[in-house]
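Shown here: coords22.cif, mmCIF, C-alpha atoms.
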data_my_file
#
loop_
_atom_site.label_atom_id
_atom_site.label_comp_id
_atom_site.auth_asym_id
_atom_site.auth_seq_id
_atom_site.Cartn_x
_atom_site.Cartn_y
_atom_site.Cartn_z
CA MET A 204 82.53 124.32 112.28
CA ARG A 205 80.13 122.74 114.77
CA ARG A 206 81.03 119.22 115.71
CA THR A 207 78.62 116.62 116.98
CA SER A 208 80.01 115.04 120.15
CA PHE A 209 80.05 111.27 120.06
CA ALA A 210 81.71 110.93 123.45
CA ARG A 211 78.62 109.59 125.19
CA TRP A 212 77.30 107.33 122.44
CA PRO A 213 77.07 103.69 123.53
CA CYS A 214 79.66 102.74 120.95
CA SER A 215 83.39 102.35 121.42
CA ILE A 216 84.04 103.36 117.82
CA ALA A 217 82.09 106.59 118.19
CA ARG A 218 83.89 107.39 121.44
CA THR A 219 87.28 106.63 119.97
CA MET A 220 86.56 108.77 116.92
CA ASP A 221 85.39 111.54 119.21
CA LEU A 222 88.89 111.52 120.71
CA LEU A 223 90.97 110.75 117.66
CA GLY A 224 88.74 111.33 114.68
CA ASP A 225 90.67 114.06 113.11
CA GLN A 226 93.52 113.44 110.74
CA TRP A 227 96.06 115.53 112.60
CA THR A 228 95.38 113.94 115.99
CA LEU A 229 96.04 110.45 114.68
CA LEU A 230 99.15 111.61 112.81
CA VAL A 231 100.53 113.25 115.94
CA LEU A 232 99.95 109.93 117.68
CA ARG A 233 101.68 108.12 114.81
CA GLU A 234 104.73 110.35 115.28
CA ALA A 235 104.75 109.50 118.98
CA PHE A 236 104.87 105.82 117.99
CA TYR A 237 107.80 106.64 115.71
CA GLY A 238 109.59 107.92 118.79
CA VAL A 239 109.03 111.65 118.50
CA THR A 240 108.66 113.36 121.88
CA ARG A 241 109.41 117.06 121.41
CA PHE A 242 107.25 119.82 120.03
CA ASP A 243 109.72 120.99 117.41
CA ARG A 244 110.27 117.47 116.07
CA PHE A 245 106.51 116.90 115.76
CA GLN A 246 106.26 120.21 114.00
CA VAL A 247 109.01 119.52 111.46
CA SER A 248 107.97 115.91 110.82
CA LEU A 249 104.37 116.78 110.13
CA GLY A 250 104.73 120.24 108.62
CA ILE A 251 101.86 121.21 110.90
CA ALA A 252 101.04 124.75 112.02
CA ARG A 253 102.25 125.37 115.57
CA ASN A 254 98.82 126.33 116.91
CA THR A 255 97.28 123.22 115.33
CA LEU A 256 100.01 121.06 116.86
CA THR A 257 99.54 122.67 120.28
CA GLU A 258 95.80 121.97 120.12
CA ARG A 259 96.27 118.34 119.08
CA LEU A 260 98.96 117.66 121.70
CA ASP A 261 96.73 119.21 124.37
CA ARG A 262 93.87 117.03 123.19
CA LEU A 263 95.98 113.87 123.40
CA VAL A 264 97.29 114.85 126.85
CA GLY A 265 93.77 115.69 128.03
CA ALA A 266 92.47 112.38 126.77
CA GLY A 267 95.26 110.53 128.55
CA LEU A 268 97.14 109.12 125.54
CA LEU A 269 100.19 111.34 125.99
CA GLU A 270 101.86 112.60 129.13
CA ARG A 271 103.50 116.01 129.23
CA VAL A 272 106.76 115.68 131.12
CA ARG A 273 109.18 118.46 132.04
CA TYR A 274 112.70 117.59 130.90
CA GLN A 275 114.45 120.93 131.47
CA ASP A 276 114.00 123.63 134.07
CA ARG A 277 115.48 126.91 132.80
CA PRO A 278 113.76 127.57 130.54
CA ALA A 279 111.02 125.05 131.28
CA ARG A 280 110.77 122.53 128.46
CA TYR A 281 108.40 119.62 128.07
CA GLU A 282 108.26 116.45 126.09
CA TYR A 283 105.30 114.26 125.21
CA LEU A 284 105.48 110.60 126.11
CA LEU A 285 103.01 107.85 125.32
CA SER A 286 101.01 106.69 128.33
CA ASP A 287 99.88 103.06 128.72
CA MET A 288 96.58 104.14 127.18
CA GLY A 289 98.42 105.67 124.24
CA ARG A 290 100.75 102.72 123.69
CA ASP A 291 97.77 100.41 123.75
CA PHE A 292 96.42 102.10 120.63
CA PHE A 293 99.31 100.72 118.59
CA PRO A 294 97.58 97.47 117.56
CA ALA A 295 94.61 99.45 116.21
CA LEU A 296 96.97 101.77 114.36
CA ALA A 297 98.79 98.77 112.91
CA ALA A 298 95.47 97.33 111.74
CA ILE A 299 94.57 100.64 110.07
CA MET A 300 98.02 100.71 108.47
CA ARG A 301 97.54 97.21 107.12
CA TRP A 302 94.27 98.16 105.47
CA GLY A 303 95.85 101.25 103.91
CA ASP A 304 98.78 99.15 102.71
CA ARG A 305 96.41 96.77 100.96
CA TRP A 306 94.02 99.23 99.43
CA LEU A 307 95.75 102.59 99.10
CA ASP A 308 99.34 101.79 98.12
CA ASP A 309 98.99 102.78 94.44
CA GLY A 310 100.70 99.54 93.53
CA LEU A 311 103.97 100.66 95.10
CA GLY A 312 103.84 98.44 98.17
CA PRO A 313 103.71 99.61 101.77
CA PRO A 314 105.65 102.82 102.40
CA VAL A 315 106.53 101.73 105.93
CA VAL A 316 107.37 98.26 107.19
CA LEU A 317 106.86 96.90 110.67
CA ARG A 318 109.38 94.37 111.92
CA HIS A 319 108.33 92.12 114.77
CA THR A 320 111.28 91.91 117.12
CA GLU A 321 110.02 88.66 118.66
CA CYS A 322 110.45 86.73 115.40
CA GLY A 323 112.68 89.19 113.52
CA ARG A 324 110.46 89.21 110.41
CA PRO A 325 108.92 92.07 108.45
CA THR A 326 105.28 91.77 109.32
CA HIS A 327 101.86 93.32 109.30
CA ALA A 328 98.87 93.28 111.62
CA GLU A 329 96.45 90.38 111.56
CA VAL A 330 93.32 90.63 113.66
CA HIS A 331 92.31 87.46 115.44
CA CYS A 332 89.61 86.20 117.78
CA ALA A 333 90.78 86.51 121.38
CA HIS A 334 89.56 82.96 122.10
CA CYS A 335 90.24 80.63 119.18
CA HIS A 336 92.74 82.92 117.41
CA GLY A 337 90.94 82.46 114.10
CA ALA A 338 90.74 85.45 111.76
CA LEU A 339 88.21 88.04 112.91
CA THR A 340 86.50 89.07 109.68
CA ARG A 341 83.01 90.50 109.20
CA ASP A 342 81.82 87.20 107.74
CA HIS A 343 82.70 85.36 110.94
CA VAL A 344 81.26 87.74 113.49
CA THR A 345 77.84 88.62 114.79
CA ILE A 346 77.34 91.91 116.56
CA GLU A 347 75.20 92.02 119.70
CA ALA A 348 74.12 94.75 122.09
CA ALA A 349 75.71 94.01 125.45
CA ARG A 350 73.25 95.79 127.71
CA MET B 240 87.15 124.76 106.89
CA ARG B 241 90.25 124.08 104.81
CA ARG B 242 91.49 120.54 105.08
CA THR B 243 95.02 119.39 104.48
CA SER B 244 94.96 116.46 102.07
CA PHE B 245 96.93 113.48 103.31
CA ALA B 246 96.02 111.31 100.33
CA ARG B 247 99.49 111.39 98.80
CA TRP B 248 101.55 111.14 101.97
CA PRO B 249 103.80 108.07 102.02
CA CYS B 250 101.90 106.70 104.99
CA SER B 251 99.03 104.26 105.02
CA ILE B 252 97.63 105.80 108.18
CA ALA B 253 97.57 109.28 106.67
CA ARG B 254 95.92 107.97 103.51
CA THR B 255 93.34 106.00 105.46
CA MET B 256 92.52 109.00 107.62
CA ASP B 257 92.22 111.12 104.50
CA LEU B 258 89.44 108.78 103.40
CA LEU B 259 87.83 107.97 106.71
CA GLY B 260 89.13 110.52 109.16
CA ASP B 261 85.90 112.10 110.00
CA GLN B 262 83.62 110.81 112.70
CA TRP B 263 80.54 110.54 110.52
CA THR B 264 82.26 108.64 107.74
CA LEU B 265 83.46 105.93 110.09
CA LEU B 266 80.06 105.74 111.80
CA VAL B 267 78.30 105.35 108.46
CA LEU B 268 80.73 102.52 107.76
CA ARG B 269 79.98 101.03 111.17
CA GLU B 270 76.26 101.01 110.33
CA ALA B 271 77.04 99.21 107.08
CA PHE B 272 78.82 96.54 109.14
CA TYR B 273 75.71 96.32 111.32
CA GLY B 274 73.81 95.42 108.17
CA VAL B 275 72.26 98.77 107.28
CA THR B 276 71.96 99.30 103.52
CA ARG B 277 69.30 101.96 102.92
CA PHE B 278 69.50 105.72 103.19
CA ASP B 279 66.57 106.10 105.57
CA ARG B 280 67.89 103.44 107.94
CA PHE B 281 71.32 105.09 108.07
CA GLN B 282 69.58 108.37 108.72
CA VAL B 283 67.43 107.13 111.58
CA SER B 284 70.16 105.01 113.19
CA LEU B 285 72.68 107.84 113.25
CA GLY B 286 70.37 110.83 113.68
CA ILE B 287 72.47 112.45 110.97
CA ALA B 288 71.36 115.34 108.75
CA ARG B 289 70.34 114.11 105.30
CA ASN B 290 72.81 116.30 103.43
CA THR B 291 75.63 115.15 105.72
CA LEU B 292 74.65 111.54 105.17
CA THR B 293 74.49 112.01 101.40
CA GLU B 294 77.97 113.51 101.41
CA ARG B 295 79.43 110.70 103.55
CA LEU B 296 77.78 107.93 101.52
CA ASP B 297 79.07 109.53 98.32
CA ARG B 298 82.53 109.71 99.85
CA LEU B 299 82.47 106.02 100.78
CA VAL B 300 81.16 105.05 97.34
CA GLY B 301 83.76 107.25 95.63
CA ALA B 302 86.52 105.72 97.72
CA GLY B 303 85.32 102.23 96.84
CA LEU B 304 84.23 101.01 100.29
CA LEU B 305 80.52 101.00 99.48
CA GLU B 306 78.73 100.15 96.25
CA ARG B 307 75.53 101.95 95.28
CA VAL B 308 73.12 99.37 93.88
CA ARG B 309 69.69 99.98 92.38
CA TYR B 310 67.11 97.77 94.05
CA GLN B 311 63.90 99.28 92.67
CA ASP B 312 63.06 100.86 89.32
CA ARG B 313 59.95 103.02 89.67
CA PRO B 314 60.82 105.15 91.48
CA ALA B 315 64.54 104.43 91.30
CA ARG B 316 65.86 103.43 94.71
CA TYR B 317 69.37 102.52 95.74
CA GLU B 318 71.01 100.68 98.55
CA TYR B 319 74.58 100.80 99.78
CA LEU B 320 76.48 97.55 100.06
CA LEU B 321 79.95 96.93 101.41
CA SER B 322 82.53 96.18 98.73
CA ASP B 323 85.45 93.80 99.34
CA MET B 324 87.52 96.89 100.18
CA GLY B 325 84.88 98.01 102.68
CA ARG B 326 84.46 94.59 104.30
CA ASP B 327 88.21 94.34 104.67
CA PHE B 328 88.15 97.34 107.01
CA PHE B 329 86.28 95.32 109.62
CA PRO B 330 89.39 93.99 111.41
CA ALA B 331 90.71 97.54 111.83
CA LEU B 332 87.32 98.68 113.10
CA ALA B 333 87.25 95.77 115.54
CA ALA B 334 90.71 96.76 116.80
CA ILE B 335 89.55 100.36 117.30
CA MET B 336 86.46 99.05 119.11
CA ARG B 337 88.62 96.94 121.40
CA TRP B 338 90.71 99.94 122.39
CA GLY B 339 87.58 102.00 123.06
CA ASP B 340 86.14 99.14 125.11
CA ARG B 341 89.25 99.06 127.27
CA TRP B 342 89.81 102.76 127.78
CA LEU B 343 86.53 104.57 127.23
CA ASP B 344 83.85 102.33 128.71
CA ASP B 345 83.27 104.41 131.88
CA GLY B 346 83.49 101.20 133.88
CA LEU B 347 80.29 99.87 132.34
CA GLY B 348 81.87 97.27 130.11
CA PRO B 349 81.68 97.16 126.32
CA PRO B 350 78.37 98.46 124.91
CA VAL B 351 78.54 96.06 121.98
CA VAL B 352 79.81 92.50 121.91
CA LEU B 353 81.29 90.65 118.97
CA ARG B 354 80.63 86.93 118.77
CA HIS B 355 82.97 84.85 116.64
CA THR B 356 80.81 82.39 114.74
CA GLU B 357 83.75 80.05 114.15
CA CYS B 358 84.13 79.29 117.84
CA GLY B 359 80.79 80.59 119.10
CA ARG B 360 82.36 82.72 121.83
CA PRO B 361 81.93 86.39 122.71
CA THR B 362 85.24 87.85 121.65
CA HIS B 363 87.28 90.91 120.89
CA ALA B 364 90.01 91.77 118.44
CA GLU B 365 93.59 90.81 119.14
CA VAL B 366 96.28 92.05 116.80
CA HIS B 367 98.99 89.55 115.97
CA CYS B 368 102.14 89.29 113.88
CA ALA B 369 101.32 87.82 110.47
CA HIS B 370 104.30 85.46 110.75
CA CYS B 371 104.72 84.14 114.28
CA HIS B 372 101.24 85.12 115.50
CA GLY B 373 102.69 86.73 118.63
CA ALA B 374 101.05 89.90 119.92
CA LEU B 375 101.90 92.95 117.83
CA THR B 376 102.49 95.65 120.42
CA ARG B 377 104.62 98.79 120.14
CA ASP B 378 107.25 97.27 122.40
CA HIS B 379 107.78 94.38 120.01
CA VAL B 380 107.93 96.26 116.74
CA THR B 381 110.47 98.39 114.92
CA ILE B 382 109.26 100.73 112.21
CA GLU B 383 111.30 101.02 109.01
CA ALA B 384 110.96 103.02 105.82
CA ALA B 385 110.31 100.59 102.99
CA ARG B 386 111.62 102.65 100.08
#
Could you write out this structure as structure tokens?
Amino acid sequence: MRRTSFARWPCSIARTMDLLGDQWTLLVLREAFYGVTRFDRFQVSLGIARNTLTERLDRLVGAGLLERVRYQDRPARYEYLLSDMGRDFFPALAAIMRWGDRWLDDGLGPPVVLRHTECGRPTHAEVHCAHCHGALTRDHVTIEAAR
Amino acid sequence: MRRTSFARWPCSIARTMDLLGDQWTLLVLREAFYGVTRFDRFQVSLGIARNTLTERLDRLVGAGLLERVRYQDRPARYEYLLSDMGRDFFPALAAIMRWGDRWLDDGLGPPVVLRHTECGRPTHAEVHCAHCHGALTRDHVTIEAAR
């Protein structure tokens, strides 16, 4: 299938989706956030074909979200660790999760709960203005070209 | 191309990506947030093939994020308006945008700026704990199965 490349569009959403906009890629990243680091664990957790997993891990390493680190020499074995760039995607993933919890839970409640270790409470993502910390909803935002 | 369906996975990220996990779908949604409502405007803004656009609009309407509303009778013409479910995705989109702004801007700064009308300032998304309002980063969260 031919894919349009959005990598150079002047839009951070398009560029992000160019990197991550594939279900498997984001689910591999989710597993990394769950603490998975090794190929076989990714494979079992996701039930993903090995060649598909290899491609998605390579993509995430190439993009800089995961780092491939050798943890054994004979035979050579590698694990996949979140980089700063990868860890920094967590808030966005939590915001996506929150939306799915609200709208796609089939009335059963969230399947996964985040607990904020700072306050100890089960929580979810809320998206706020970086300045006044008010809720950042579509109704309270205008969108402007920056350049 | 065969697609694995993630719709029934017990994971709000998987379910969300099942709905939106395609570059074009999310970009059509982005245009809706920019205020685009009509087929031809979506088409011109995105430079998307008409059949691809039709399929993505139908997907967003079927999923409940957009509503197809007749605005003219002869000939019948329709526009696409964000539903409550669709509007509620804005915070997640803003969080994705923020990540792209930080990591994929090629040193040129964000291509698009959000202005928060409540405080009047150019802003970006910050993701906070719903309880204590502290930053919700991976380092300050544990992830638990809910059921």
Please return, as a ChimeraX atom specification, all residues of chain A lying within 7 Å of chain B when only C-alpha atoms are considered.
-> /A:213-221,224-226,230,288,290,292-295,298-300,302-304,306-307,313-322,326-335,339-341,343-350
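Here atom CA of B:Val267 is placed at a distance of 16.6 Å from atom CA of B:Val308.
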In Å, with one decimal, what is the gap from atom CA of B:Glu306 to atom CA of B:Leu320?
-> 5.1 Å
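The coordinates place atom CA of A:Leu232 at 8.0 Å from atom CA of A:Leu263.
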